[in-house]
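See below for the structure under consideration.
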Amino acid sequence: MLLNPDQARALLAHALENQYAILAVNADSHAAVIDCLEAARSCDAPIIIETSLWQLQGHSYGRGDALLGAARYLADLQVLAGSERYSDIPVIFHTDHIKGPIAMQLLCLLIEGYPLISDTQKMLLHPSTISLDASELTDEENIASICKLALAASAAGKSVTLEMESAVDDEITPPGKTKKLIGSVEEQYPGVIHLWAPGLGTQHGFSAEGFPEFSVDHVTANVELLEQLTGRRIGLALHGSSGLPAEQLSAAAQAGVIKVNWSSESLAIRSQAAQEFYQTHSEQLQRSHKQWKTTAMDNGLQSYISKAYIPIVEKRISLLHGSGQASSFISQMS
Ligand SMILES: [Zn+2]
């Protein structure tokens, strides 16, 4: 089931309470999305599907038009996550790394809801949770942008569940900066932030030697500080997890990281499997071969990738202690 912003908040709280993290896959095609749901289903785990601006504008979704891309993404997930096969899997759709001149307009429109109109009814599609890319913003711009999203929600009478980030690649976020960013938003719009993405010593992209600056102590310190600042428990989002050793990921998930973004490694697995498929199927792709059509169709390639990809997603979900948590959350909802 695709969660609305209030249900997403409840799921994030459930993760923090039960000491697990939800895998957040930066999925850039319909095939990647269905593989993630399939892995979540086999682990009985919640999952976050997230997209950045470049995916919304990418060929499989908006082909340059980010709003169209977001609408297609949301409509597809609404149907897929609502189907019988996945109806017991809590799915969050998260906007991740939305930046540039289009960011605020796009996010405000999505908070109000994208209208999907049929002959008989109008349905509004909303992301479950929202973040924007703060890497090029000053602290003041970051605070103002988050407050603007909260204001858009309040003006439209909608709920919004936000992730706020510091410039995650730049430094280990000092406590003073957390106080300034979270404190300022909380003062004006209390209760809208439910995820905090500070710099924790990891970086976006690959790192062959891991991230020596990362420590679970930074996670614990952030969660404690957030509670002091807001009076409620808020979990962390970890960006740049590709390359972090398994034991550190597992420990982070138990210490207060509740969302682990996963992009670089996911892309690498899918593209390498695609490369292998074309290398090993060159004969079947000759038009004289009796199987050339089934090999050439999208299903041929995507089913091949899926076999390589799903077991790795399942392993990562288990590493983050997510297995079994879907039914735990659903039973708590009802
Ligand atoms: Zn990120």
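The way I read the labels, and the way they are meant: chains A, B, ... in the order of the structure tokens, residue 1 as the first residue of every chain, and ligand 1 as the first ligand shown, with later ones counted on from there.
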Next item on the list: Write out as a list in words which residues come within 7 Å of Phe93 of chain A when counting only C-alpha atoms, dropping same-chain ones fewer than 3 positions away.
Entry: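 Contacts, with the query itself left out: Ile48, Ile49, Glu50, Pro127, Ser128 and Thr129 of chain A.
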Please return as a JSON list (two decimals) with C-alpha atoms, in the first residue's frame the residues found within 12 Å of ligand 1, counting only C-alpha atoms and all ligand atoms.
[["chain", "number", "residue", "atom", "x", "y", "z"],
["A", 24, "ALA", "CA", 15.19, 3.92, 0.26],
["A", 25, "VAL", "CA", 16.01, 2.99, -3.31],
["A", 26, "ASN", "CA", 16.61, 5.65, -5.89],
["A", 50, "GLU", "CA", 12.56, 7.67, -4.03],
["A", 51, "THR", "CA", 13.28, 9.77, -7.05],
["A", 52, "SER", "CA", 15.53, 12.68, -7.72],
["A", 53, "LEU", "CA", 14.92, 15.44, -10.21],
["A", 94, "HIS", "CA", 9.83, 10.11, -1.37],
["A", 95, "THR", "CA", 11.13, 13.03, -3.43],
["A", 96, "ASP", "CA", 14.90, 13.18, -3.02],
["A", 97, "HIS", "CA", 17.46, 15.70, -4.27],
["A", 98, "ILE", "CA", 15.02, 18.06, -5.91],
["A", 99, "LYS", "CA", 16.94, 21.25, -6.64],
["A", 131, "SER", "CA", 12.92, 16.49, 0.87],
["A", 132, "LEU", "CA", 14.79, 19.03, -1.19],
["A", 133, "ASP", "CA", 18.47, 19.19, -2.04],
["A", 134, "ALA", "CA", 20.15, 21.73, 0.24],
["A", 135, "SER", "CA", 23.67, 21.27, -1.13],
["A", 163, "GLU", "CA", 13.06, 15.42, 5.58],
["A", 164, "MET", "CA", 15.44, 18.30, 6.20],
["A", 165, "GLU", "CA", 19.08, 17.96, 5.21],
["A", 166, "SER", "CA", 22.30, 19.72, 5.90],
["A", 167, "ALA", "CA", 24.90, 19.70, 3.09],
["A", 168, "VAL", "CA", 25.54, 16.00, 3.67],
["A", 169, "ASP", "CA", 28.80, 15.64, 1.69],
["A", 197, "ALA", "CA", 19.80, 14.11, 7.14],
["A", 198, "PRO", "CA", 22.96, 15.55, 8.65],
["A", 199, "GLY", "CA", 26.50, 15.00, 7.39],
["A", 202, "THR", "CA", 29.65, 9.43, 4.32],
["A", 203, "GLN", "CA", 29.69, 10.78, 0.76],
["A", 204, "HIS", "CA", 27.45, 10.29, -2.27],
["A", 205, "GLY", "CA", 28.94, 7.87, -4.80],
["A", 237, "ALA", "CA", 18.25, 9.64, 6.90],
["A", 238, "LEU", "CA", 21.63, 8.34, 5.75],
["A", 239, "HIS", "CA", 22.78, 9.57, 2.35],
["A", 240, "GLY", "CA", 25.78, 8.04, 0.59],
["A", 241, "SER", "CA", 25.47, 4.49, 1.96],
["A", 242, "SER", "CA", 27.08, 2.68, -1.00],
["A", 259, "LYS", "CA", 16.09, 5.65, 6.21],
["A", 260, "VAL", "CA", 19.07, 4.46, 4.18],
["A", 261, "ASN", "CA", 19.33, 5.94, 0.73],
["A", 262, "TRP", "CA", 20.74, 3.60, -1.90],
["A", 263, "SER", "CA", 21.59, 4.76, -5.38],
["A", 264, "SER", "CA", 25.12, 4.24, -6.74]]
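Shortest separation to Val223 of chain A among A:Val257, A:Leu68, A:Leu244, A:Ala251 occurs at residue A:Val257, atoms counted being only C-alpha atoms.
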Margin query: Which residues are close to segment 139-155 of chain A, i.e. within 9 Å by only C-alpha atoms, leaving aside same-chain residues fewer than 5 positions away? Reply as a PyMOL selection string.
Written below: chain A and resi 104+107-109+111-112+131-134+160-166+177+180-182+184-185+188-189+192-193
Can you build me a table of segment 172-283 of chain A residues sitting at most 7 Å from segment 311-324 of chain A, with the closest atom pair per residue and its distance in Å to one decimal, using only C-alpha atoms, sorted by chain and residue number, as a tab-separated table?
residue	atom	partner	partner_atom	distance
A:Leu249	CA	A:Leu320	CA	6.8
A:Ser250	CA	A:Leu320	CA	5.3
A:Ala253	CA	A:Leu320	CA	5.7
Note to self: From the options A:Met333, A:Ala268, A:Lys307, A:Ser159, which residue's atoms come nearest to Pro90 of chain A, counting only C-alpha atoms?
What the structure shows: A:Met333
Next item on the list: Can you work out which one of A:Ala15, A:His194, A:Glu186, A:Gly113 has the shortest atom-to-atom distance to Lys158 of chain A, counting only C-alpha atoms?
Entry: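 Comparing A:Ala15, A:His194, A:Glu186, A:Gly113 against Lys158 of chain A, the winner is A:Gly113.
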Checklist line | DSSP-assigned strand (DSSP E or B) among segment 17-218 of chain A, expressed as an MDAnalysis selection string | finding: chainID A and resid 22:26 47:51 91:95 114:117 122:125 129:131 162:165 193:197
Write the residues of the selection above to a file with N, CA and C atoms, as an mmCIF file, in the first residue's frame.
data_model
loop_
_atom_site.group_PDB
_atom_site.id
_atom_site.type_symbol
_atom_site.label_atom_id
_atom_site.label_comp_id
_atom_site.auth_asym_id
_atom_site.auth_seq_id
_atom_site.Cartn_x
_atom_site.Cartn_y
_atom_site.Cartn_z
ATOM 1 N N ILE A 22 14.583 1.722 6.989
ATOM 2 C CA ILE A 22 13.874 1.358 5.764
ATOM 3 C C ILE A 22 14.798 1.670 4.588
ATOM 4 N N LEU A 23 14.957 0.693 3.718
ATOM 5 C CA LEU A 23 15.792 0.909 2.533
ATOM 6 C C LEU A 23 15.060 1.873 1.586
ATOM 7 N N ALA A 24 15.770 2.918 1.167
ATOM 8 C CA ALA A 24 15.191 3.925 0.257
ATOM 9 C C ALA A 24 15.940 3.846 -1.062
ATOM 10 N N VAL A 25 15.310 3.225 -2.046
ATOM 11 C CA VAL A 25 16.006 2.991 -3.308
ATOM 12 C C VAL A 25 15.686 4.098 -4.302
ATOM 13 N N ASN A 26 16.737 4.657 -4.840
ATOM 14 C CA ASN A 26 16.614 5.649 -5.894
ATOM 15 C C ASN A 26 16.355 4.867 -7.183
ATOM 16 N N ILE A 47 9.207 -0.441 2.380
ATOM 17 C CA ILE A 47 10.229 0.047 1.449
ATOM 18 C C ILE A 47 9.936 1.503 1.079
ATOM 19 N N ILE A 48 11.009 2.235 0.820
ATOM 20 C CA ILE A 48 10.858 3.605 0.314
ATOM 21 C C ILE A 48 11.354 3.619 -1.123
ATOM 22 N N ILE A 49 10.508 4.129 -2.006
ATOM 23 C CA ILE A 49 10.917 4.338 -3.396
ATOM 24 C C ILE A 49 11.132 5.838 -3.526
ATOM 25 N N GLU A 50 12.328 6.228 -3.933
ATOM 26 C CA GLU A 50 12.559 7.672 -4.029
ATOM 27 C C GLU A 50 13.100 8.055 -5.394
ATOM 28 N N THR A 51 12.814 9.292 -5.755
ATOM 29 C CA THR A 51 13.277 9.767 -7.054
ATOM 30 C C THR A 51 13.890 11.148 -6.892
ATOM 31 N N VAL A 91 4.534 1.179 1.490
ATOM 32 C CA VAL A 91 5.449 1.806 0.526
ATOM 33 C C VAL A 91 5.384 3.320 0.697
ATOM 34 N N ILE A 92 6.547 3.923 0.864
ATOM 35 C CA ILE A 92 6.647 5.389 0.899
ATOM 36 C C ILE A 92 7.202 5.846 -0.437
ATOM 37 N N PHE A 93 6.577 6.862 -1.022
ATOM 38 C CA PHE A 93 7.169 7.516 -2.199
ATOM 39 C C PHE A 93 7.777 8.828 -1.719
ATOM 40 N N HIS A 94 9.079 8.966 -1.908
ATOM 41 C CA HIS A 94 9.828 10.112 -1.371
ATOM 42 C C HIS A 94 10.485 10.895 -2.515
ATOM 43 N N THR A 95 10.395 12.213 -2.452
ATOM 44 C CA THR A 95 11.134 13.029 -3.432
ATOM 45 C C THR A 95 12.487 13.375 -2.827
ATOM 46 N N TYR A 114 -1.431 16.130 -7.205
ATOM 47 C CA TYR A 114 -1.561 16.120 -8.666
ATOM 48 C C TYR A 114 -2.893 15.459 -9.015
ATOM 49 N N PRO A 115 -3.783 16.175 -9.727
ATOM 50 C CA PRO A 115 -5.110 15.599 -9.977
ATOM 51 C C PRO A 115 -5.106 14.533 -11.082
ATOM 52 N N LEU A 116 -5.547 13.360 -10.703
ATOM 53 C CA LEU A 116 -5.729 12.284 -11.682
ATOM 54 C C LEU A 116 -7.228 12.191 -11.916
ATOM 55 N N ILE A 117 -7.654 12.513 -13.133
ATOM 56 C CA ILE A 117 -9.092 12.643 -13.361
ATOM 57 C C ILE A 117 -9.609 11.505 -14.238
ATOM 58 N N LYS A 122 -12.169 12.515 -9.267
ATOM 59 C CA LYS A 122 -10.857 13.159 -9.314
ATOM 60 C C LYS A 122 -10.088 12.693 -8.079
ATOM 61 N N MET A 123 -8.905 12.180 -8.318
ATOM 62 C CA MET A 123 -8.099 11.696 -7.200
ATOM 63 C C MET A 123 -6.818 12.516 -7.155
ATOM 64 N N LEU A 124 -6.420 12.954 -5.962
ATOM 65 C CA LEU A 124 -5.192 13.732 -5.857
ATOM 66 C C LEU A 124 -4.037 12.821 -5.443
ATOM 67 N N LEU A 125 -2.952 12.874 -6.204
ATOM 68 C CA LEU A 125 -1.777 12.055 -5.900
ATOM 69 C C LEU A 125 -0.753 12.899 -5.148
ATOM 70 N N THR A 129 6.474 11.399 1.526
ATOM 71 C CA THR A 129 7.428 12.248 2.243
ATOM 72 C C THR A 129 8.227 13.056 1.231
ATOM 73 N N ILE A 130 8.756 14.184 1.699
ATOM 74 C CA ILE A 130 9.390 15.118 0.769
ATOM 75 C C ILE A 130 10.707 15.632 1.343
ATOM 76 N N SER A 131 11.718 15.734 0.471
ATOM 77 C CA SER A 131 12.915 16.488 0.868
ATOM 78 C C SER A 131 13.371 17.302 -0.327
ATOM 79 N N LEU A 162 8.230 15.945 6.228
ATOM 80 C CA LEU A 162 9.439 16.450 5.563
ATOM 81 C C LEU A 162 10.726 15.847 6.118
ATOM 82 N N GLU A 163 11.677 15.706 5.188
ATOM 83 C CA GLU A 163 13.061 15.417 5.575
ATOM 84 C C GLU A 163 13.837 16.703 5.357
ATOM 85 N N MET A 164 14.576 17.141 6.381
ATOM 86 C CA MET A 164 15.445 18.301 6.199
ATOM 87 C C MET A 164 16.875 17.796 6.153
ATOM 88 N N GLU A 165 17.683 18.393 5.280
ATOM 89 C CA GLU A 165 19.077 17.964 5.208
ATOM 90 C C GLU A 165 20.021 19.132 5.403
ATOM 91 N N ILE A 193 8.810 18.221 10.485
ATOM 92 C CA ILE A 193 10.026 17.464 10.149
ATOM 93 C C ILE A 193 10.008 16.116 10.866
ATOM 94 N N HIS A 194 10.169 15.055 10.079
ATOM 95 C CA HIS A 194 10.183 13.706 10.656
ATOM 96 C C HIS A 194 11.401 12.909 10.240
ATOM 97 N N LEU A 195 12.313 13.572 9.521
ATOM 98 C CA LEU A 195 13.583 12.944 9.151
ATOM 99 C C LEU A 195 14.641 14.037 9.108
ATOM 100 N N TRP A 196 15.823 13.712 9.606
ATOM 101 C CA TRP A 196 16.919 14.678 9.581
ATOM 102 C C TRP A 196 18.104 14.002 8.902
ATOM 103 N N ALA A 197 18.659 14.668 7.884
ATOM 104 C CA ALA A 197 19.795 14.112 7.143
ATOM 105 C C ALA A 197 21.021 14.996 7.347
#
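Going from atom CA of Ser303 of chain A to atom CA of Ala32 of chain A covers 10.6 Å.
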Check: If you run DSSP on this backbone, which residues of segment 18-227 of chain A come out as helix (DSSP H, G or I), and could you give them as a ChimeraX atom specification?
Finding: /A:30-43,53-56,66-82,84-86,103-112,139-156,175-188,216-227
Next item on the list: Find the residues around Asp88 of chain A up to 12 Å (only C-alpha atoms counted), leave out those fewer than 3 positions away in its own chain, and share them as a VMD selection string.
Entry: chain A and resid 1 to 3 37 to 38 40 to 47 80 to 85 91 324 to 331 333 to 334
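Between atom CA of Gly183 of chain A and atom CA of Thr230 of chain A the separation is 7.5 Å.
In terms of minimum interatomic distance to Thr295 of chain A, A:Glu283 ranks closest within A:Glu265, A:Gly231, A:Gly157, A:Glu283, counting only C-alpha atoms.
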Item checked: Counting only C-alpha atoms, the residue of A:Ala208, A:Leu225, A:Ala8, A:Ala66 that sits nearest Gly256 of chain A ->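 Closest to Gly256 of chain A, using only C-alpha atoms: A:Leu225.
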Notebook entry, point to check: Of the residues A:Gln7, A:Ser215, A:Gln19, A:Ser87, which is the one nearest to Ala255 of chain A, using only C-alpha atoms?
Noted result: A:Gln19
Notebook entry, point to check: What does the distance from atom CA of Leu137 of chain A to atom CA of Glu227 of chain A come to in Å, to one decimal?
Noted result: 25.1 Å
